[in-house]
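Next up, start.txt (compact mmCIF, C-alpha atoms):
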# COMPACT_ATOMS: atom_id res chain seq x y z
CA MET G 26 -40.53 -15.19 -30.70
CA PHE G 27 -40.84 -15.85 -34.45
CA GLY G 28 -44.06 -17.87 -34.25
CA ILE G 29 -42.35 -21.14 -35.32
CA HIS G 30 -43.39 -24.35 -33.65
CA ARG G 31 -40.70 -26.19 -31.69
CA SER G 32 -41.16 -29.43 -33.73
CA SER G 33 -40.77 -27.51 -37.03
CA PHE G 34 -37.53 -25.97 -35.80
CA LYS G 35 -36.19 -29.37 -34.76
CA TYR G 36 -37.20 -30.83 -38.16
CA TRP G 37 -35.35 -28.00 -39.92
CA CYS G 38 -32.22 -28.61 -37.80
CA LYS G 39 -32.18 -32.32 -38.67
CA LYS G 40 -32.92 -31.74 -42.36
CA PRO G 41 -29.88 -32.54 -44.57
CA LYS G 42 -28.16 -29.42 -45.84
CA THR G 43 -26.98 -31.18 -49.03
CA GLN G 44 -28.97 -33.18 -51.58
CA SER G 45 -28.86 -36.95 -51.25
CA GLU G 46 -27.73 -39.14 -54.12
CA GLU G 47 -31.27 -40.52 -54.49
CA ASP G 48 -32.77 -37.03 -54.69
CA VAL G 49 -30.30 -36.01 -57.39
CA ARG G 50 -31.11 -39.18 -59.38
CA LEU G 51 -34.86 -38.63 -59.10
CA ARG G 52 -34.53 -35.02 -60.21
CA ALA G 53 -32.60 -36.16 -63.25
CA LEU G 54 -35.28 -38.77 -64.05
CA VAL G 55 -38.05 -36.18 -63.74
CA GLN G 56 -36.22 -33.78 -66.05
CA GLU G 57 -35.56 -36.56 -68.56
CA ALA G 58 -39.21 -37.69 -68.60
CA HIS G 59 -40.36 -34.08 -69.03
CA CYS G 60 -37.87 -33.55 -71.86
CA VAL G 61 -38.81 -36.77 -73.69
CA SER G 62 -42.45 -35.67 -73.73
CA ASN G 63 -41.46 -32.30 -75.24
CA GLY G 64 -42.70 -30.59 -72.11
CA SER G 65 -46.24 -31.99 -72.32
CA ALA G 66 -46.06 -34.57 -69.47
CA GLY G 67 -47.66 -33.71 -66.15
CA ALA G 68 -47.03 -35.19 -62.70
CA ARG G 69 -49.18 -38.28 -63.31
CA THR G 70 -47.43 -39.10 -66.61
CA ILE G 71 -43.95 -38.51 -65.19
CA ALA G 72 -44.74 -40.68 -62.15
CA SER G 73 -45.98 -43.44 -64.47
CA ILE G 74 -42.86 -43.25 -66.67
CA ILE G 75 -40.49 -43.48 -63.70
CA THR G 76 -42.52 -46.25 -62.03
CA ASN G 77 -42.48 -48.29 -65.24
CA SER G 78 -38.67 -48.05 -65.25
CA GLY G 79 -38.61 -49.98 -61.97
CA ILE G 80 -38.57 -47.14 -59.40
CA LYS G 81 -41.65 -46.65 -57.22
CA PHE G 82 -42.61 -43.02 -57.65
CA SER G 83 -45.86 -41.26 -56.72
CA ARG G 84 -47.49 -38.38 -58.56
CA TYR G 85 -47.36 -36.29 -55.37
CA ARG G 86 -43.59 -36.63 -55.26
CA ALA G 87 -43.44 -35.87 -58.96
CA THR G 88 -45.48 -32.69 -58.36
CA LYS G 89 -43.12 -31.62 -55.59
CA LEU G 90 -39.99 -32.15 -57.68
CA MET G 91 -41.54 -30.46 -60.72
CA LYS G 92 -42.20 -27.34 -58.61
CA LYS G 93 -38.63 -27.33 -57.35
CA LEU G 94 -37.28 -27.72 -60.89
CA GLY G 95 -39.69 -25.16 -62.35
CA LEU G 96 -41.22 -27.68 -64.77
CA VAL G 97 -44.72 -27.08 -66.13
CA SER G 98 -46.86 -29.31 -68.33
CA ARG G 99 -47.48 -27.56 -71.65
CA GLN G 100 -50.08 -29.37 -73.76
CA LEU G 101 -50.09 -28.97 -77.54
CA PRO G 102 -52.79 -26.58 -78.70
CA LYS G 103 -55.73 -28.14 -80.50
CA HIS G 104 -55.73 -27.80 -84.26
CA ARG G 105 -58.74 -26.31 -85.95
CA TYR G 106 -59.43 -25.96 -89.65
CA SER G 107 -61.38 -22.94 -90.77
CA LYS G 108 -64.79 -23.88 -92.11
CA ALA G 109 -65.96 -22.71 -95.49
CA ALA G 110 -68.87 -20.29 -95.46
CA GLN G 111 -70.43 -21.79 -98.59
CA GLU G 112 -70.48 -24.96 -100.64
CA HIS G 113 -67.68 -25.46 -103.13
CA ILE G 114 -68.27 -25.65 -106.83
CA GLU G 115 -69.81 -28.98 -107.83
CA ILE G 116 -67.24 -31.51 -109.06
CA PRO G 117 -68.49 -35.12 -109.47
CA ASN G 118 -67.13 -38.07 -107.52
CA HIS G 119 -65.74 -39.82 -110.59
CA LEU G 120 -63.75 -42.34 -108.53
CA ASP G 121 -66.84 -43.56 -106.64
CA ARG G 122 -64.73 -45.76 -104.31
CA GLN G 123 -63.30 -47.80 -107.18
CA PHE G 124 -59.95 -48.19 -105.43
CA ALA G 125 -58.79 -51.36 -107.24
CA VAL G 126 -56.84 -49.95 -110.20
CA THR G 127 -54.92 -52.17 -112.63
CA ALA G 128 -51.96 -50.00 -113.66
CA PRO G 129 -49.82 -47.11 -112.43
CA ASN G 130 -50.84 -43.50 -113.11
CA GLN G 131 -54.52 -44.27 -113.51
CA VAL G 132 -55.72 -42.79 -110.23
CA TRP G 133 -53.90 -40.52 -107.80
CA VAL G 134 -55.36 -39.45 -104.47
CA GLY G 135 -54.29 -36.60 -102.20
CA ASP G 136 -54.87 -35.10 -98.79
CA VAL G 137 -53.42 -32.57 -96.34
CA THR G 138 -52.62 -33.28 -92.69
CA TYR G 139 -51.01 -31.27 -89.91
CA VAL G 140 -47.85 -31.95 -87.89
CA TRP G 141 -46.64 -30.14 -84.75
CA ALA G 142 -43.22 -28.68 -85.58
CA GLY G 143 -41.56 -27.29 -82.48
CA ASN G 144 -43.77 -24.33 -81.65
CA ARG G 145 -46.38 -24.23 -84.41
CA TRP G 146 -48.38 -26.39 -86.80
CA SER G 147 -46.94 -27.41 -90.16
CA TYR G 148 -48.99 -28.85 -93.01
CA LEU G 149 -48.07 -31.87 -95.14
CA ALA G 150 -49.68 -32.46 -98.53
CA VAL G 151 -49.24 -35.93 -100.03
CA VAL G 152 -50.14 -37.55 -103.35
CA ILE G 153 -50.20 -41.35 -103.67
CA ASP G 154 -50.75 -43.66 -106.62
CA LEU G 155 -53.61 -46.05 -105.92
CA PHE G 156 -51.91 -48.85 -107.86
CA ALA G 157 -48.78 -48.99 -105.67
CA ARG G 158 -50.33 -47.31 -102.60
CA LYS G 159 -47.10 -45.33 -102.16
CA PRO G 160 -46.46 -41.56 -102.02
CA ILE G 161 -45.24 -40.09 -105.28
CA GLY G 162 -45.38 -36.42 -104.33
CA TRP G 163 -45.36 -34.36 -101.15
CA ALA G 164 -44.74 -30.85 -99.81
CA MET G 165 -44.72 -29.07 -96.45
CA SER G 166 -45.70 -25.53 -95.52
CA PHE G 167 -46.96 -23.40 -92.65
CA SER G 168 -50.13 -22.62 -94.64
CA PRO G 169 -52.65 -25.24 -95.87
CA ASP G 170 -53.31 -23.49 -99.17
CA SER G 171 -53.46 -24.35 -102.86
CA GLN G 172 -49.78 -23.47 -103.27
CA LEU G 173 -48.93 -26.34 -100.91
CA THR G 174 -51.12 -28.90 -102.70
CA GLY G 175 -49.89 -27.61 -106.06
CA LYS G 176 -46.26 -28.32 -105.09
CA ALA G 177 -47.13 -31.88 -104.05
CA LEU G 178 -48.98 -32.44 -107.34
CA LYS G 179 -46.10 -30.98 -109.36
CA MET G 180 -43.64 -33.36 -107.68
CA ALA G 181 -45.88 -36.33 -108.47
CA TYR G 182 -46.41 -35.21 -112.07
CA GLU G 183 -42.72 -34.73 -112.80
CA SER G 184 -41.50 -37.80 -110.90
CA ARG G 185 -43.86 -39.99 -112.93
CA GLY G 186 -42.68 -38.61 -116.26
CA LYS G 187 -45.64 -36.28 -116.91
CA PRO G 188 -48.29 -38.97 -117.55
CA SER G 189 -51.63 -38.36 -119.26
CA ASN G 190 -55.20 -39.50 -118.57
CA VAL G 191 -54.74 -39.40 -114.79
CA LEU G 192 -57.68 -39.07 -112.40
CA PHE G 193 -56.92 -37.10 -109.23
CA HIS G 194 -59.24 -37.62 -106.25
CA SER G 195 -59.37 -35.64 -102.98
CA ASP G 196 -61.75 -34.19 -100.41
CA GLN G 197 -63.54 -30.87 -100.80
CA GLY G 198 -60.96 -28.76 -99.01
CA SER G 199 -60.51 -25.26 -100.39
CA HIS G 200 -56.87 -26.07 -101.24
CA TYR G 201 -58.21 -28.57 -103.80
CA THR G 202 -61.25 -26.66 -105.11
CA SER G 203 -59.64 -23.24 -105.57
CA GLY G 204 -59.32 -21.78 -109.03
CA LYS G 205 -55.53 -21.77 -108.72
CA TYR G 206 -55.34 -25.50 -108.04
CA ARG G 207 -57.85 -26.33 -110.79
CA GLN G 208 -55.68 -24.39 -113.23
CA VAL G 209 -52.73 -26.64 -112.31
CA LEU G 210 -54.89 -29.72 -112.96
CA TRP G 211 -55.98 -28.27 -116.31
CA ARG G 212 -52.37 -27.50 -117.25
CA TYR G 213 -51.34 -31.10 -116.53
CA GLN G 214 -54.49 -32.43 -118.23
CA ILE G 215 -55.53 -34.28 -115.06
CA LYS G 216 -59.21 -35.03 -114.44
CA GLN G 217 -60.48 -34.02 -111.00
CA SER G 218 -62.72 -36.04 -108.69
CA LEU G 219 -64.01 -34.99 -105.25
CA SER G 220 -65.34 -36.93 -102.29
CA ARG G 221 -68.78 -36.14 -100.99
CA ARG G 222 -68.76 -33.50 -98.28
CA GLY G 223 -67.98 -34.96 -94.86
CA ASN G 224 -67.50 -38.50 -96.18
CA CYS G 225 -63.96 -39.72 -95.42
CA TRP G 226 -64.67 -43.21 -96.80
CA ASP G 227 -64.73 -41.79 -100.33
CA ASN G 228 -60.97 -41.25 -99.95
CA SER G 229 -60.20 -44.05 -97.47
CA PRO G 230 -56.86 -45.23 -99.00
CA MET G 231 -55.46 -41.74 -98.51
CA GLU G 232 -56.81 -41.56 -94.95
CA ARG G 233 -54.88 -44.74 -94.10
CA LEU G 234 -51.49 -43.24 -94.90
CA GLU G 235 -49.15 -43.01 -91.91
CA VAL G 236 -45.69 -41.55 -91.34
CA ASP G 237 -43.11 -43.04 -89.00
CA PRO G 238 -39.35 -42.47 -88.45
CA ASN G 239 -38.53 -45.33 -90.84
CA GLY G 240 -40.51 -43.87 -93.73
CA TRP G 241 -44.00 -44.09 -95.22
CA THR G 242 -46.33 -46.90 -94.27
CA HIS G 243 -49.76 -47.72 -95.65
CA LYS G 244 -52.46 -49.88 -94.12
CA LEU G 245 -54.72 -51.32 -96.78
CA ILE G 246 -58.46 -51.27 -96.21
CA PRO G 247 -59.83 -54.85 -95.95
Can the structure from this file be put into structure tokens for me?
Amino acid sequence: MFGIHRSSFKYWCKKPKTQSEEDVRLRALVQEAHCVSNGSAGARTIASIITNSGIKFSRYRATKLMKKLGLVSRQLPKHRYSKAAQEHIEIPNHLDRQFAVTAPNQVWVGDVTYVWAGNRWSYLAVVIDLFARKPIGWAMSFSPDSQLTGKALKMAYESRGKPSNVLFHSDQGSHYTSGKYRQVLWRYQIKQSLSRRGNCWDNSPMERLEVDPNGWTHKLIP
């Protein structure tokens, strides 16, 4: 009468009307794996996480439970820097990869990186002293502009007792070549040095800086 096959009706009659203990546990594991990944894990990743914990779990079963729980994989959007339309003003590479300095406050290097903060990108500007290879100034903002890099430089300048005859090296990002940032360098009497365009090795000690939950770490270039 309703167009339902006899075997399907019998299967529905025998189907448990309440969730089994195993099903409840697997649902909880799927939700936990999805939460740990900040919502980015798909069925394959969730199945791998649960299987590695000692419970055999296929991606097909993970897909089925994700649909029931209303879970969707949401990948982080790719970050893209805006490209400059023209070359920046010419500033020599005074550092010239001479990374072995003999005293503090001789050479500082800086860079800006991006960090995913909840639902948008945040930008972290850091200044390190090449002698100690440790951060001496930093700042965070939602905009990678010269105000951000200026705050990081100000922190470094004041924390080191306003030293003189410092060389500051960075890449050719607009947040380092803008007139506003160059005025800050002039005010602090800091000499500026820029890497060659598209050459990360000219600022390799800064590129090796990492951040972990226990604090700053730095891998020295061999």
Inset, instruction - Find the residues around Thr70 in chain G up to 10 Å (all atoms listed in the file counted), leave out those fewer than 3 positions away in its own chain, and share them as an MDAnalysis selection string. - result: chainID G and resid 58:59 62 65:67 73:76 84 87 98
Legend entry - Non-local contacts of Gly135 in chain G (10 Å; all atoms listed in the file; under 3 positions in same chain excluded) as a PyMOL selection string: chain G and resi 150-154+160+162-163+174+177-178+193-196+201+228+230-232
Legend entry - Nearest to Leu219 in chain G, chosen from G:Pro129, G:Gly79, G:Phe167, G:Gln197, with only C-alpha atoms counted in the distances: G:Gln197
Inset, instruction - Quick one: pull the distance between CA of Tyr36 in chain G and CA of Ala72 in chain G, Å, one decimal. - result: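 We find that CA of Tyr36 in chain G and CA of Ala72 in chain G lie 27.0 Å from each other.
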Legend entry - Separation of CA of Leu149 in chain G from CA of Val137 in chain G, in Å and rounded to one decimal: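 So the answer is 5.5 Å.
The spacing separating CA of Arg212 in chain G from CA of Asp121 in chain G amounts to 24.1 Å.
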Legend entry - Minimum-distance residue to Trp146 in chain G, chosen among G:Tyr182, G:Trp226, G:Val132, G:Pro169 (using only C-alpha atoms):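 Ranked by minimum distance to Trp146 in chain G, first place goes to G:Pro169.
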